[in-house]
$ cat model.tsv   # TSV, C-alpha atoms
chain	number	residue	atom	x	y	z
A	1	MET	CA	102.34	77.83	153.74
A	2	VAL	CA	99.33	79.26	155.59
A	3	ARG	CA	98.82	82.95	154.92
A	4	PRO	CA	98.18	85.20	157.94
A	5	ARG	CA	94.54	86.03	158.57
A	6	THR	CA	95.33	89.72	159.04
A	7	PRO	CA	97.64	91.76	156.83
A	8	LEU	CA	101.11	92.41	158.15
A	9	LEU	CA	100.73	96.09	157.51
A	10	THR	CA	97.75	98.43	157.98
A	11	ARG	CA	97.35	102.18	157.80
A	12	GLU	CA	96.61	102.22	161.52
A	13	ARG	CA	99.81	100.35	162.38
A	14	ILE	CA	101.86	102.63	160.16
A	15	VAL	CA	100.38	105.74	161.77
A	16	GLU	CA	100.89	104.40	165.29
A	17	THR	CA	104.54	103.57	164.61
A	18	ALA	CA	105.17	106.87	162.84
A	19	THR	CA	103.64	108.73	165.78
A	20	ALA	CA	105.92	106.87	168.19
A	21	ILE	CA	108.98	107.86	166.13
A	22	VAL	CA	107.95	111.52	166.02
A	23	ASP	CA	107.14	111.56	169.73
A	24	ALA	CA	110.52	110.09	170.58
A	25	ASP	CA	112.84	111.80	168.13
A	26	GLY	CA	110.98	114.59	166.31
A	27	LEU	CA	109.55	115.07	162.83
A	28	ASP	CA	112.96	115.14	161.18
A	29	ALA	CA	113.62	111.61	162.42
A	30	LEU	CA	110.66	110.23	160.48
A	31	SER	CA	111.64	108.69	157.17
A	32	THR	CA	110.22	105.83	155.17
A	33	ARG	CA	113.42	103.88	155.79
A	34	ARG	CA	113.22	104.36	159.58
A	35	LEU	CA	109.50	103.63	159.59
A	36	ALA	CA	109.92	100.45	157.57
A	37	ARG	CA	112.72	99.28	159.85
A	38	ASP	CA	110.65	99.86	162.99
A	39	LEU	CA	107.73	98.02	161.41
A	40	GLY	CA	109.91	95.13	160.30
A	41	VAL	CA	109.01	95.50	156.63
A	42	GLN	CA	110.59	96.72	153.41
A	43	ALA	CA	110.13	100.41	152.61
A	44	PRO	CA	108.26	99.81	149.30
A	45	SER	CA	105.47	98.04	151.18
A	46	LEU	CA	104.56	101.35	152.83
A	47	TYR	CA	103.53	102.72	149.45
A	48	ASN	CA	100.64	100.29	149.29
A	49	HIS	CA	99.07	102.51	151.99
A	50	PHE	CA	100.67	105.94	151.60
A	51	ALA	CA	102.08	107.45	148.43
A	52	THR	CA	104.55	109.78	150.15
A	53	LYS	CA	106.12	110.55	153.50
A	54	GLU	CA	104.06	113.76	153.54
A	55	GLU	CA	100.88	111.67	153.48
A	56	ILE	CA	102.13	109.74	156.50
A	57	VAL	CA	102.83	112.96	158.40
A	58	ASP	CA	99.36	114.20	157.49
A	59	ALA	CA	97.87	110.99	158.83
A	60	VAL	CA	99.84	111.27	162.07
A	61	GLY	CA	98.64	114.82	162.59
A	62	ASP	CA	95.07	113.96	161.77
A	63	ALA	CA	95.03	110.97	164.10
A	64	ILE	CA	96.11	113.24	166.95
A	65	VAL	CA	93.44	115.83	166.16
A	66	ALA	CA	90.81	113.10	165.80
A	67	GLY	CA	91.22	112.40	169.52
A	68	VAL	CA	90.16	115.92	170.53
A	69	ASP	CA	86.72	116.01	172.17
A	70	LEU	CA	84.33	118.24	170.20
A	71	SER	CA	81.11	117.19	171.90
A	72	MET	CA	80.76	120.43	173.86
A	73	LEU	CA	80.67	122.58	170.72
A	74	GLY	CA	77.10	123.40	169.81
A	75	ARG	CA	75.85	121.76	173.00
A	76	ASP	CA	77.11	124.00	175.79
A	77	PRO	CA	77.01	127.81	175.96
A	78	TRP	CA	79.78	129.08	173.69
A	79	PRO	CA	82.06	130.48	176.47
A	80	VAL	CA	81.91	127.19	178.38
A	81	ALA	CA	82.34	125.16	175.20
A	82	LEU	CA	85.27	127.24	173.97
A	83	LYS	CA	87.17	126.78	177.23
A	84	ALA	CA	86.50	123.04	177.40
A	85	TRP	CA	87.50	122.56	173.78
A	86	ALA	CA	90.69	124.61	174.24
A	87	ARG	CA	91.71	122.42	177.17
A	88	ALA	CA	91.05	119.24	175.16
A	89	TYR	CA	92.91	120.64	172.15
A	90	ARG	CA	95.91	121.60	174.28
A	91	ALA	CA	95.96	118.19	175.97
A	92	ALA	CA	96.27	116.53	172.55
A	93	PHE	CA	99.08	118.89	171.59
A	94	ARG	CA	100.94	118.43	174.85
A	95	ALA	CA	100.79	114.65	174.47
A	96	HIS	CA	102.62	115.01	171.13
A	97	PRO	CA	104.68	118.23	171.34
A	98	ASN	CA	106.93	117.36	168.41
A	99	VAL	CA	103.93	117.50	166.06
A	100	VAL	CA	102.71	120.90	167.25
A	101	PRO	CA	104.68	122.99	164.70
A	102	PHE	CA	103.19	120.90	161.91
A	103	LEU	CA	99.63	121.08	163.25
A	104	ALA	CA	99.92	124.82	163.88
A	105	ARG	CA	100.12	125.41	160.14
A	106	GLY	CA	96.42	124.70	159.74
A	107	PRO	CA	94.10	121.88	158.66
A	108	ALA	CA	95.04	121.66	154.97
A	109	ARG	CA	93.11	118.63	153.62
A	110	ARG	CA	93.16	116.56	156.82
A	111	PRO	CA	89.58	115.35	157.58
A	112	ALA	CA	89.73	115.40	161.39
A	113	SER	CA	91.39	118.81	161.38
A	114	LEU	CA	88.73	120.17	159.04
A	115	ARG	CA	85.97	118.69	161.23
A	116	LEU	CA	87.51	120.44	164.23
A	117	ALA	CA	87.67	123.78	162.41
A	118	ASP	CA	84.11	123.32	161.16
A	119	ALA	CA	82.83	122.50	164.65
A	120	VAL	CA	84.48	125.51	166.30
A	121	TYR	CA	83.39	127.92	163.58
A	122	GLY	CA	79.89	126.47	163.41
A	123	ALA	CA	79.38	126.68	167.17
A	124	LEU	CA	80.41	130.34	167.20
A	125	VAL	CA	78.25	131.32	164.23
A	126	ASP	CA	75.27	129.42	165.65
A	127	ALA	CA	75.77	131.29	168.93
A	128	GLY	CA	75.43	134.61	167.13
A	129	TRP	CA	78.94	135.64	166.20
A	130	PRO	CA	79.33	137.21	162.73
A	131	PRO	CA	81.22	134.88	160.40
A	132	ALA	CA	84.26	137.15	160.16
A	133	MET	CA	84.56	137.33	163.94
A	134	ALA	CA	84.05	133.57	164.28
A	135	THR	CA	86.96	133.06	161.90
A	136	ARG	CA	89.17	135.42	163.91
A	137	ILE	CA	88.22	133.76	167.19
A	138	GLY	CA	89.05	130.33	165.79
A	139	ALA	CA	92.43	131.61	164.61
A	140	THR	CA	93.11	133.31	167.95
A	141	MET	CA	92.33	130.14	169.86
A	142	ARG	CA	94.61	128.08	167.64
A	143	TYR	CA	97.47	130.55	168.11
A	144	PHE	CA	96.97	130.53	171.85
A	145	VAL	CA	96.64	126.77	172.28
A	146	ALA	CA	99.48	125.87	169.92
A	147	GLY	CA	101.77	128.46	171.48
A	148	SER	CA	101.07	127.19	174.97
A	149	ALA	CA	101.90	123.64	173.90
A	150	LEU	CA	105.18	124.39	172.11
A	151	GLY	CA	107.20	124.31	175.29
A	152	SER	CA	107.37	125.11	178.97
A	153	PHE	CA	107.82	128.73	180.02
A	154	ALA	CA	109.03	127.72	183.46
A	155	LEU	CA	111.56	125.16	182.21
A	156	GLY	CA	113.20	127.88	180.15
A	157	PHE	CA	114.90	129.22	183.27
A	158	VAL	CA	117.95	127.43	184.64
A	159	ASP	CA	118.25	126.34	188.25
A	160	ASP	CA	121.18	128.60	189.09
A	161	PRO	CA	120.55	131.47	191.54
A	162	SER	CA	123.92	133.06	190.75
A	163	LEU	CA	122.88	133.65	187.14
A	164	TYR	CA	120.20	136.11	188.15
A	165	ALA	CA	121.40	137.54	191.46
A	166	GLU	CA	123.44	140.51	190.24
A	167	GLN	CA	122.50	141.33	186.67
A	168	TYR	CA	118.79	140.42	186.71
A	169	PRO	CA	117.48	141.41	190.15
A	170	HIS	CA	113.82	141.18	189.16
A	171	LEU	CA	114.43	137.52	188.26
A	172	ARG	CA	116.06	136.63	191.55
A	173	ASP	CA	113.53	133.85	192.13
A	174	ALA	CA	113.52	132.60	188.53
A	175	HIS	CA	115.70	129.64	189.46
A	176	ARG	CA	112.73	128.24	191.38
A	177	LEU	CA	110.42	128.13	188.35
A	178	ALA	CA	111.66	124.83	186.94
A	179	GLY	CA	110.81	123.06	190.17
A	180	HIS	CA	107.21	124.24	189.86
A	181	HIS	CA	106.90	124.12	186.09
A	182	GLU	CA	103.60	122.25	185.91
A	183	GLN	CA	101.91	124.64	188.31
A	184	VAL	CA	103.36	127.69	186.55
A	185	ASP	CA	102.56	126.53	183.03
A	186	GLU	CA	99.06	125.26	183.82
A	187	GLY	CA	98.30	128.41	185.75
A	188	ALA	CA	99.50	130.59	182.89
A	189	PHE	CA	97.36	128.69	180.38
A	190	GLU	CA	94.25	128.94	182.55
A	191	LEU	CA	94.84	132.64	183.22
A	192	GLY	CA	95.22	133.35	179.53
A	193	LEU	CA	92.20	131.25	178.60
A	194	GLU	CA	89.98	132.95	181.17
A	195	ALA	CA	91.17	136.40	180.10
A	196	LEU	CA	90.69	135.61	176.41
A	197	VAL	CA	87.17	134.22	176.75
A	198	ASP	CA	86.12	136.89	179.26
A	199	GLY	CA	87.24	139.52	176.78
A	200	LEU	CA	85.25	137.87	174.00
A	201	GLU	CA	82.16	137.75	176.20
A	202	ARG	CA	82.32	141.51	176.61
A	203	ARG	CA	82.19	141.79	172.82
A	204	PHE	CA	79.47	139.20	172.35
A	205	PRO	CA	76.93	140.54	169.85
A	206	GLY	CA	73.95	138.61	171.17
$ encode --input "model.tsv" --output "structure tokens"
Amino acid sequence: MVRPRTPLLTRERIVETATAIVDADGLDALSTRRLARDLGVQAPSLYNHFATKEEIVDAVGDAIVAGVDLSMLGRDPWPVALKAWARAYRAAFRAHPNVVPFLARGPARRPASLRLADAVYGALVDAGWPPAMATRIGATMRYFVAGSALGSFALGFVDDPSLYAEQYPHLRDAHRLAGHHEQVDEGAFELGLEALVDGLERRFPG
């Protein structure tokens, strides 16, 4: 019998399939049994590439973060770079919202996540920010970006005018928000980002 030229299973294929499961059904749906079934292999074969399910989740998270553009950091003026990076970071989160709670915990030992943290911190310190402030800015940006990607503000309001009409008069137009959710949510993110970076510029030590 001729053996296949490429292995049936690779780390990349495992991560891609695990990401698809998480995107579709959430982190709780990911198990080695489900992953093996979707890959068409036996569960023990996964352990040739990953020792535990936690390692697979780490790899999924790191693969997502690895796609975030960091090229602006250290190249462009820090306010411009911080805004561009925040938009790229949020885009990665929004493409995989079910992974956001996991990624929001911090980089742990994940290489791409540590490279991202290093690039943001390094760009701020090189621009003149004291190390302690650079750390706080990095944390603030992560809170802001992750929070904005966790869900839609506008979609949190139901399309039912009668719900708001009598008891919540200041929300009488809230039933319209869902129909304009992209505009509302994108506008809110951009407003917050501009306000955040503008405020930091006023404190810039350089």
$ closest_residue --input "model.tsv" --among "A:Leu150, A:Ala188, A:Ala119, A:Val197" --to "Thr135 in chain A" --atoms "only C-alpha atoms"
A:Ala119
$ residues_near_point --input "model.tsv" --point "(93.0, 116.5, 154.1)" --cutoff "12 Å" --atoms "all atoms listed in the file" --output "list in words"
Glu54, Glu55, Ile56, Val57, Asp58, Ala59, Val60, Gly61, Asp62, Ala63, Gly106, Pro107, Ala108, Arg109, Arg110, Pro111, Ala112, Ser113, Leu114 and Arg115 of chain A
$ write_last_selection --input "model.tsv" --atoms "C-alpha atoms" --output "CSV table (one decimal), keeping the file's coordinate frame"
chain,number,residue,atom,x,y,z
A,54,GLU,CA,104.1,113.8,153.5
A,55,GLU,CA,100.9,111.7,153.5
A,56,ILE,CA,102.1,109.7,156.5
A,57,VAL,CA,102.8,113.0,158.4
A,58,ASP,CA,99.4,114.2,157.5
A,59,ALA,CA,97.9,111.0,158.8
A,60,VAL,CA,99.8,111.3,162.1
A,61,GLY,CA,98.6,114.8,162.6
A,62,ASP,CA,95.1,114.0,161.8
A,63,ALA,CA,95.0,111.0,164.1
A,106,GLY,CA,96.4,124.7,159.7
A,107,PRO,CA,94.1,121.9,158.7
A,108,ALA,CA,95.0,121.7,155.0
A,109,ARG,CA,93.1,118.6,153.6
A,110,ARG,CA,93.2,116.6,156.8
A,111,PRO,CA,89.6,115.4,157.6
A,112,ALA,CA,89.7,115.4,161.4
A,113,SER,CA,91.4,118.8,161.4
A,114,LEU,CA,88.7,120.2,159.0
A,115,ARG,CA,86.0,118.7,161.2
$ atom_distance --input "model.tsv" --atom1 "CA of Leu30 in chain A" --atom2 "CA of Ala117 in chain A"
26.8 Å
$ residues_around --input "model.tsv" --residues "range 85-98 of chain A" --least-positions-apart "3" --cutoff "8 Å" --atoms "only C-alpha atoms" --output "ChimeraX atom specification"
/A:22-23,26-27,64-65,67-70,72-73,81-82,101,141,145-146,148-151
$ closest_residue --input "model.tsv" --among "A:Arg13, A:Lys53, A:Phe189, A:Thr19" --to "Phe144 in chain A" --atoms "all atoms listed in the file"
A:Phe189
$ residues_around --input "model.tsv" --residues "His180 in chain A" --least-positions-apart "6" --cutoff "12 Å" --atoms "all atoms listed in the file" --output "PDB file with C-alpha atoms, in the frame of the given file"
ATOM      1  CA  SER A 152     107.370 125.110 178.970  1.00  0.00           C
ATOM      2  CA  PHE A 153     107.820 128.730 180.020  1.00  0.00           C
ATOM      3  CA  ALA A 154     109.030 127.720 183.460  1.00  0.00           C
ATOM      4  CA  LEU A 155     111.560 125.160 182.210  1.00  0.00           C
ATOM      5  CA  GLY A 156     113.200 127.880 180.150  1.00  0.00           C
ATOM      6  CA  PHE A 157     114.900 129.220 183.270  1.00  0.00           C
ATOM      7  CA  ASP A 159     118.250 126.340 188.250  1.00  0.00           C
ATOM      8  CA  ASP A 173     113.530 133.850 192.130  1.00  0.00           C
ATOM      9  CA  ALA A 174     113.520 132.600 188.530  1.00  0.00           C
ATOM     10  CA  GLU A 186      99.060 125.260 183.820  1.00  0.00           C
ATOM     11  CA  GLY A 187      98.300 128.410 185.750  1.00  0.00           C
TER      12      GLY A 187
END
$ atom_distance --input "model.tsv" --atom1 "CA of Phe50 in chain A" --atom2 "CA of Arg11 in chain A"
8.0 Å
$ atom_distance --input "model.tsv" --atom1 "CA of Ala43 in chain A" --atom2 "CA of Ala66 in chain A"
26.6 Å
$ closest_residue --input "model.tsv" --among "A:Thr52, A:Thr10, A:Val99, A:Gly122" --to "Ala24 in chain A" --atoms "all atoms listed in the file"
A:Val99
$ closest_residue --input "model.tsv" --among "A:Asp28, A:Glu166, A:Val15, A:Tyr121" --to "Thr140 in chain A" --atoms "all atoms listed in the file"
A:Tyr121
